[in-house]
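Everything below belongs to data01.cif, which stores mmCIF, C-alpha atoms.
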```
data_run
loop_
_atom_site.label_atom_id
_atom_site.label_comp_id
_atom_site.auth_asym_id
_atom_site.auth_seq_id
_atom_site.Cartn_x
_atom_site.Cartn_y
_atom_site.Cartn_z
CA ALA A 1 -71.50 -36.29 15.13
CA GLY A 2 -69.58 -33.67 17.06
CA ALA A 3 -71.68 -30.92 15.50
CA VAL A 4 -74.88 -32.73 16.55
CA TRP A 5 -73.56 -33.24 20.08
CA GLY A 6 -72.55 -29.60 20.41
CA GLY A 7 -75.80 -28.55 18.78
CA ILE A 8 -77.76 -30.25 21.57
CA ALA A 9 -76.09 -27.97 24.13
CA GLY A 10 -76.73 -24.98 21.87
CA LEU A 11 -80.39 -25.95 21.51
CA LEU A 12 -80.77 -26.22 25.29
CA ARG A 13 -79.26 -22.75 25.66
CA VAL A 14 -81.59 -21.24 23.08
CA ALA A 15 -84.73 -23.12 24.14
CA VAL A 16 -84.57 -23.04 27.94
CA GLY A 17 -81.59 -20.80 28.72
CA ALA A 18 -79.45 -23.64 30.10
CA ASN A 19 -75.83 -22.57 30.61
CA GLU A 20 -73.66 -24.27 27.99
CA ALA A 21 -70.77 -24.70 30.44
CA VAL A 22 -72.99 -26.83 32.68
CA THR A 23 -74.76 -28.77 29.92
CA THR A 24 -71.58 -29.65 28.05
CA LEU A 25 -69.93 -30.75 31.30
CA LEU A 26 -72.84 -33.05 32.13
CA MET A 27 -73.02 -34.30 28.54
CA ASN A 28 -69.45 -35.53 28.91
CA PHE A 29 -70.71 -38.19 31.32
CA VAL A 30 -73.41 -39.22 28.86
CA ALA A 31 -70.87 -39.41 26.04
CA ASN A 32 -68.60 -41.57 28.18
CA ASP A 33 -71.46 -43.99 28.89
CA VAL A 34 -72.23 -44.17 25.17
CA LEU A 35 -68.57 -44.92 24.47
CA LEU A 36 -68.52 -47.69 27.11
CA TYR A 37 -71.64 -49.24 25.61
CA LEU A 38 -70.10 -49.24 22.14
CA ILE A 39 -66.80 -50.84 23.15
CA TYR A 40 -68.49 -53.38 25.41
CA GLN A 41 -71.11 -54.35 22.82
CA PRO A 42 -71.38 -53.49 19.08
CA TRP A 43 -67.87 -52.14 18.51
CA LYS A 44 -66.05 -54.62 20.75
CA ASP A 45 -62.97 -56.19 19.20
CA PRO A 46 -63.71 -59.90 18.69
CA ASN A 47 -59.97 -60.60 18.90
CA GLY A 48 -59.39 -58.50 22.00
CA GLY A 49 -59.34 -61.33 24.51
CA GLY A 50 -62.54 -60.14 26.16
CA GLN A 51 -61.15 -56.68 26.90
CA PRO A 52 -63.46 -53.68 26.36
CA GLN A 53 -61.87 -52.10 23.32
CA SER A 54 -62.68 -51.43 19.69
CA ARG A 55 -61.05 -53.04 16.69
CA PRO A 56 -57.59 -51.49 16.11
CA LEU A 57 -57.32 -49.29 13.04
CA THR A 58 -55.57 -50.79 10.07
CA SER A 59 -52.47 -49.24 8.54
CA ASN A 60 -54.62 -47.60 5.87
CA GLU A 61 -56.79 -45.92 8.51
CA VAL A 62 -53.95 -44.43 10.56
CA LEU A 63 -52.65 -40.92 9.91
CA PRO A 64 -49.22 -41.00 8.23
CA ARG A 65 -46.09 -39.87 10.02
CA ILE A 66 -44.28 -36.73 8.92
CA PHE A 67 -40.86 -37.56 7.41
CA GLY A 68 -40.68 -40.75 9.46
CA SER A 69 -40.81 -38.90 12.79
CA SER A 70 -43.17 -39.56 15.71
CA ILE A 71 -45.30 -36.56 14.62
CA ASN A 72 -48.31 -37.46 12.52
CA LEU A 73 -50.30 -35.51 9.95
CA GLY A 74 -52.79 -34.46 12.62
CA VAL A 75 -50.43 -31.69 13.73
CA ILE A 76 -50.54 -30.10 10.28
CA VAL A 77 -54.32 -30.47 10.12
CA THR A 78 -54.63 -28.83 13.53
CA LEU A 79 -52.54 -25.83 12.50
CA ILE A 80 -54.55 -25.39 9.30
CA VAL A 81 -57.84 -25.59 11.22
CA ALA A 82 -56.61 -23.06 13.82
CA LEU A 83 -55.68 -20.64 11.03
CA ALA A 84 -59.04 -21.20 9.32
CA VAL A 85 -60.91 -20.49 12.57
CA TRP A 86 -58.89 -17.31 13.10
CA ILE A 87 -59.76 -16.13 9.57
CA LEU A 88 -63.41 -17.08 10.10
CA LEU A 89 -63.66 -15.12 13.34
CA ARG A 90 -61.70 -12.09 12.16
CA ARG A 91 -62.52 -11.77 8.49
CA SER A 92 -66.11 -12.99 8.05
CA GLY A 93 -69.48 -11.44 8.82
CA TRP A 94 -70.46 -14.52 10.83
CA GLY A 95 -67.34 -14.20 12.96
CA PHE A 96 -67.91 -10.48 13.55
CA ALA A 97 -71.53 -11.08 14.55
CA LEU A 98 -70.45 -13.90 16.83
CA ARG A 99 -67.93 -11.68 18.60
CA VAL A 100 -70.61 -9.03 19.07
CA VAL A 101 -72.94 -11.58 20.65
CA GLY A 102 -70.15 -12.83 22.87
CA GLY A 103 -69.31 -9.31 23.99
CA ASN A 104 -72.83 -8.03 24.68
CA GLN A 105 -75.80 -10.21 23.92
CA LEU A 106 -78.36 -7.54 24.77
CA ALA A 107 -76.73 -5.00 22.44
CA ALA A 108 -76.59 -7.64 19.70
CA ARG A 109 -80.34 -8.27 20.02
CA ARG A 110 -81.07 -4.54 19.86
CA ALA A 111 -78.91 -4.30 16.75
CA GLY A 112 -81.10 -6.91 15.08
CA LEU A 113 -78.60 -9.76 15.03
CA PRO A 114 -80.04 -13.31 15.06
CA VAL A 115 -78.61 -14.13 18.47
CA ASN A 116 -80.23 -17.55 18.88
CA ARG A 117 -79.14 -18.69 15.44
CA LEU A 118 -75.60 -17.47 16.04
CA MET A 119 -75.37 -19.24 19.39
CA LEU A 120 -76.70 -22.47 17.94
CA SER A 121 -74.37 -22.36 14.93
CA SER A 122 -71.34 -21.55 17.08
CA MET A 123 -72.04 -24.53 19.36
CA ALA A 124 -72.45 -26.79 16.33
CA VAL A 125 -69.16 -25.57 14.81
CA GLY A 126 -67.41 -25.97 18.17
CA GLY A 127 -68.76 -29.50 18.49
CA ALA A 128 -67.60 -30.32 14.97
CA LEU A 129 -64.10 -29.10 15.79
CA ALA A 130 -64.10 -31.20 18.96
CA GLY A 131 -65.17 -34.21 16.92
CA LEU A 132 -62.37 -33.52 14.46
CA GLY A 133 -59.92 -33.36 17.36
CA GLY A 134 -61.15 -36.72 18.62
CA MET A 135 -60.77 -38.24 15.18
CA LEU A 136 -57.21 -36.95 14.84
CA TYR A 137 -56.31 -38.34 18.25
CA MET A 138 -57.92 -41.67 17.44
CA ALA A 139 -56.33 -42.03 13.99
CA GLY A 140 -52.99 -40.51 14.95
CA THR A 141 -52.16 -41.72 18.44
CA GLN A 142 -54.54 -44.07 20.22
CA ARG A 143 -55.70 -46.08 17.16
CA GLN A 144 -58.50 -47.83 19.05
CA LEU A 145 -61.19 -46.86 21.53
CA LEU A 146 -60.43 -47.75 25.14
CA PRO A 147 -62.16 -46.96 28.45
CA GLY A 148 -60.90 -43.63 29.70
CA GLY A 149 -58.75 -43.18 26.61
CA THR A 150 -59.58 -39.49 26.30
CA ALA A 151 -60.00 -38.69 30.00
CA THR A 152 -58.99 -35.11 30.97
CA TYR A 153 -58.11 -34.11 27.38
CA GLY A 154 -61.16 -31.88 27.05
CA TYR A 155 -60.45 -30.18 30.35
CA ILE A 156 -56.83 -29.51 29.41
CA ALA A 157 -58.04 -28.10 26.09
CA PHE A 158 -60.39 -25.83 28.01
CA LEU A 159 -57.45 -24.54 30.08
CA ALA A 160 -55.39 -24.00 26.94
CA ALA A 161 -58.25 -21.99 25.41
CA PHE A 162 -58.54 -19.94 28.59
CA LEU A 163 -54.82 -19.27 28.72
CA GLY A 164 -54.84 -18.24 25.06
CA ARG A 165 -57.70 -15.79 25.72
CA HIS A 166 -59.82 -17.73 23.20
CA GLU A 167 -57.68 -16.45 20.32
CA PRO A 168 -57.00 -19.40 17.96
CA ILE A 169 -53.34 -18.56 17.29
CA LYS A 170 -52.58 -17.94 20.98
CA VAL A 171 -54.41 -21.12 21.92
CA VAL A 172 -52.07 -23.10 19.66
CA PHE A 173 -49.03 -21.83 21.57
CA SER A 174 -50.61 -22.43 24.98
CA ALA A 175 -51.58 -25.95 23.87
CA LEU A 176 -47.96 -26.58 22.82
CA VAL A 177 -46.78 -25.50 26.28
CA PHE A 178 -49.32 -27.75 27.97
CA SER A 179 -48.30 -30.63 25.71
CA ALA A 180 -44.63 -30.15 26.56
CA ILE A 181 -45.45 -30.29 30.26
CA ALA A 182 -47.60 -33.40 29.86
CA ILE A 183 -45.00 -35.20 27.73
CA GLY A 184 -42.15 -34.18 30.02
CA GLY A 185 -43.96 -35.43 33.14
CA PRO A 186 -42.79 -39.06 32.97
CA GLY A 187 -39.21 -37.89 32.42
CA LEU A 188 -39.37 -35.75 35.56
CA GLN A 189 -40.59 -38.73 37.53
CA LEU A 190 -37.98 -41.15 36.19
CA ASN A 191 -34.93 -38.87 36.09
CA TYR A 192 -35.54 -36.70 39.14
CA GLY A 193 -37.79 -38.87 41.28
CA MET A 194 -40.55 -36.28 41.37
CA ASP A 195 -44.11 -37.12 42.38
CA GLY A 196 -46.54 -38.18 39.65
CA ASN A 197 -48.78 -35.19 40.41
CA VAL A 198 -46.10 -32.72 39.31
CA VAL A 199 -47.72 -32.41 35.88
CA ASP A 200 -51.06 -31.37 37.38
CA ILE A 201 -49.28 -28.85 39.63
CA LEU A 202 -47.39 -27.31 36.70
CA LEU A 203 -50.57 -27.11 34.61
CA GLY A 204 -52.35 -25.46 37.52
CA LEU A 205 -49.55 -22.92 37.93
CA MET A 206 -49.72 -22.13 34.20
CA VAL A 207 -53.34 -21.09 34.63
CA ALA A 208 -53.05 -19.50 38.09
CA ALA A 209 -50.09 -17.25 37.20
CA PRO A 210 -51.95 -15.17 34.55
CA LEU A 211 -54.94 -14.87 36.88
CA ALA A 212 -52.73 -13.59 39.69
CA LEU A 213 -50.95 -11.11 37.41
CA SER A 214 -54.22 -9.83 35.92
CA ALA A 215 -55.42 -8.90 39.40
CA TYR A 216 -52.74 -6.22 39.61
#
```

Spit out the file's structure as structure tokens when you get a sec.
Amino acid sequence: AGAVWGGIAGLLRVAVGANEAVTTLLMNFVANDVLLYLIYQPWKDPNGGGQPQSRPLTSNEVLPRIFGSSINLGVIVTLIVALAVWILLRRSGWGFALRVVGGNQLAARRAGLPVNRLMLSSMAVGGALAGLGGMLYMAGTQRQLLPGGTATYGYIAFLAAFLGRHEPIKVVFSALVFSAIAIGGPGLQLNYGMDGNVVDILLGLMVAAPLALSAY
């Protein structure tokens, strides 16, 4: 489903030249409306007391914990996927061609590379990875669909990718830093009486600092 959703944005880019940053941003609102329809109607939990939410996952559907800790198997899956993407981009012909297209689309066309096919396939793969991320979050942490349950996660992931310079291994480390800030936010509020917006400020500084340094 994620591959299909990402493929729509890729198809719009190939067919009419629509910028994928704009189309994917707007498609987020469509996806949210689809989610609301599902949890208000066909997927609504009959035992949820009238609340808009899906049926909770059973114990067999939830990702297992690692050695009894609060960390679930999704972390391991994420690391394996990040490594696989790095290998795919750095050690495969498809990855090399994709990096050429990303660096200079005009030169890639002149070299005879199938630019449209590469763009469409990359968007489909990216959408599939996003869908996998949503599944891991659903089965590992949230365990049922709720309104606004994934709000801002995609945007934070975008910032982590930007901070990691779109290199899979670097993105993992930047995502860990962002996660530490997000998890530590409530503690800062409770223990030090800091404002609830401190997390957003810290995340903003994490992105602004490299931009400021790169200007010099």

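The nearest approach to A:Ser54 among the residues A:Thr24, A:Ser122, A:Gln41, A:Gln105, with all atoms listed in the file taken into account, belongs to A:Gln41.
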
Selected residue of minimal separation from A:Leu176 among A:Leu79, A:Leu129, A:Leu118, A:Val101, counting all atoms listed in the file: A:Leu79

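Atom to atom, atom CA of A:Ala182 and atom CA of A:Glu167 stand 21.9 Å apart.
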
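For the structure in this document, the set picked by the PyMOL selection byres ((chain A and resi 55-65) around 6) is Asp45, Ser54, Ile66, Gly68, Ile71, Asn72, Leu73, Ala139, Gly140, Arg143 and Gln144 of chain A.
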
Keeping C-alpha atoms, export the residues of the selection given above as a compact mmCIF listing (two decimals), in the coordinates of the input.
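Saved as out_3.txt:
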```
# COMPACT_ATOMS: atom_id res chain seq x y z
CA ASP A 45 -62.97 -56.19 19.20
CA SER A 54 -62.68 -51.43 19.69
CA ILE A 66 -44.28 -36.73 8.92
CA GLY A 68 -40.68 -40.75 9.46
CA ILE A 71 -45.30 -36.56 14.62
CA ASN A 72 -48.31 -37.46 12.52
CA LEU A 73 -50.30 -35.51 9.95
CA ALA A 139 -56.33 -42.03 13.99
CA GLY A 140 -52.99 -40.51 14.95
CA ARG A 143 -55.70 -46.08 17.16
CA GLN A 144 -58.50 -47.83 19.05
```

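Note that atom CA of A:Leu146 and atom CA of A:Leu35 are 8.6 Å apart.
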
Sel. within 12 Å of pt (-55.2, -28.2, 31.2), counting only C-alpha atoms, output as a ChimeraX atom specification: /A:151-164,171,174-182,199-208

Find the axis-aligned box for stretch 168-172 of chain A, covering all its listed atoms and adding 3 Å on each side, and write its centre and edge lengths in Å to one decimal as AutoDock Vina command-line options.
```
--center_x -54.5 --center_y -20.5 --center_z 19.6 --size_x 10.9 --size_y 11.2 --size_z 10.6
```

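Closest to A:Val4 among A:Ala82, A:Leu188, A:Ala212, A:Ala124 is A:Ala124, based on only C-alpha atoms.
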
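Across the structure, atom CA of A:Leu26 and atom CA of A:Phe96 are spaced 29.6 Å apart.
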
Selection: 8 Å around A:Trp5, all atoms listed in the file, excl. self and same-chain fewer than 3 positions, as a list in words: Ala1, Gly2, Ile8, Ala9, Ala124 and Gly127 of chain A

Residues of the last selection are to be written out with C-alpha atoms, as a compact mmCIF listing (two decimals), in the coordinates of the input.
```
# COMPACT_ATOMS: atom_id res chain seq x y z
CA ALA A 1 -71.50 -36.29 15.13
CA GLY A 2 -69.58 -33.67 17.06
CA ILE A 8 -77.76 -30.25 21.57
CA ALA A 9 -76.09 -27.97 24.13
CA ALA A 124 -72.45 -26.79 16.33
CA GLY A 127 -68.76 -29.50 18.49
```

Which residues match the PyMOL selection byres ((chain A and resi 147) around 12) in the file above, as a PDB file with C-alpha atoms, keeping the file's coordinate frame?
```pdb
ATOM      1  CA  ALA A  31     -70.870 -39.410  26.040  1.00  0.00           C
ATOM      2  CA  ASN A  32     -68.600 -41.570  28.180  1.00  0.00           C
ATOM      3  CA  ASP A  33     -71.460 -43.990  28.890  1.00  0.00           C
ATOM      4  CA  VAL A  34     -72.230 -44.170  25.170  1.00  0.00           C
ATOM      5  CA  LEU A  35     -68.570 -44.920  24.470  1.00  0.00           C
ATOM      6  CA  LEU A  36     -68.520 -47.690  27.110  1.00  0.00           C
ATOM      7  CA  TYR A  37     -71.640 -49.240  25.610  1.00  0.00           C
ATOM      8  CA  LEU A  38     -70.100 -49.240  22.140  1.00  0.00           C
ATOM      9  CA  ILE A  39     -66.800 -50.840  23.150  1.00  0.00           C
ATOM     10  CA  TYR A  40     -68.490 -53.380  25.410  1.00  0.00           C
ATOM     11  CA  LYS A  44     -66.050 -54.620  20.750  1.00  0.00           C
ATOM     12  CA  GLN A  51     -61.150 -56.680  26.900  1.00  0.00           C
ATOM     13  CA  PRO A  52     -63.460 -53.680  26.360  1.00  0.00           C
ATOM     14  CA  GLN A  53     -61.870 -52.100  23.320  1.00  0.00           C
ATOM     15  CA  SER A  54     -62.680 -51.430  19.690  1.00  0.00           C
ATOM     16  CA  GLN A 142     -54.540 -44.070  20.220  1.00  0.00           C
ATOM     17  CA  GLN A 144     -58.500 -47.830  19.050  1.00  0.00           C
ATOM     18  CA  LEU A 145     -61.190 -46.860  21.530  1.00  0.00           C
ATOM     19  CA  LEU A 146     -60.430 -47.750  25.140  1.00  0.00           C
ATOM     20  CA  GLY A 148     -60.900 -43.630  29.700  1.00  0.00           C
ATOM     21  CA  GLY A 149     -58.750 -43.180  26.610  1.00  0.00           C
ATOM     22  CA  THR A 150     -59.580 -39.490  26.300  1.00  0.00           C
ATOM     23  CA  ALA A 151     -60.000 -38.690  30.000  1.00  0.00           C
TER      24      ALA A 151
END
```

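Proximity to A:Ala130 was assessed for A:Val81, A:Leu98, A:Ala15, A:Leu106 counting only C-alpha atoms; the smallest distance is recorded for A:Val81.
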
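The nearest approach to A:Gly10 among the residues A:Leu89, A:Val75, A:Leu120, A:Leu136, with all atoms listed in the file taken into account, belongs to A:Leu120.
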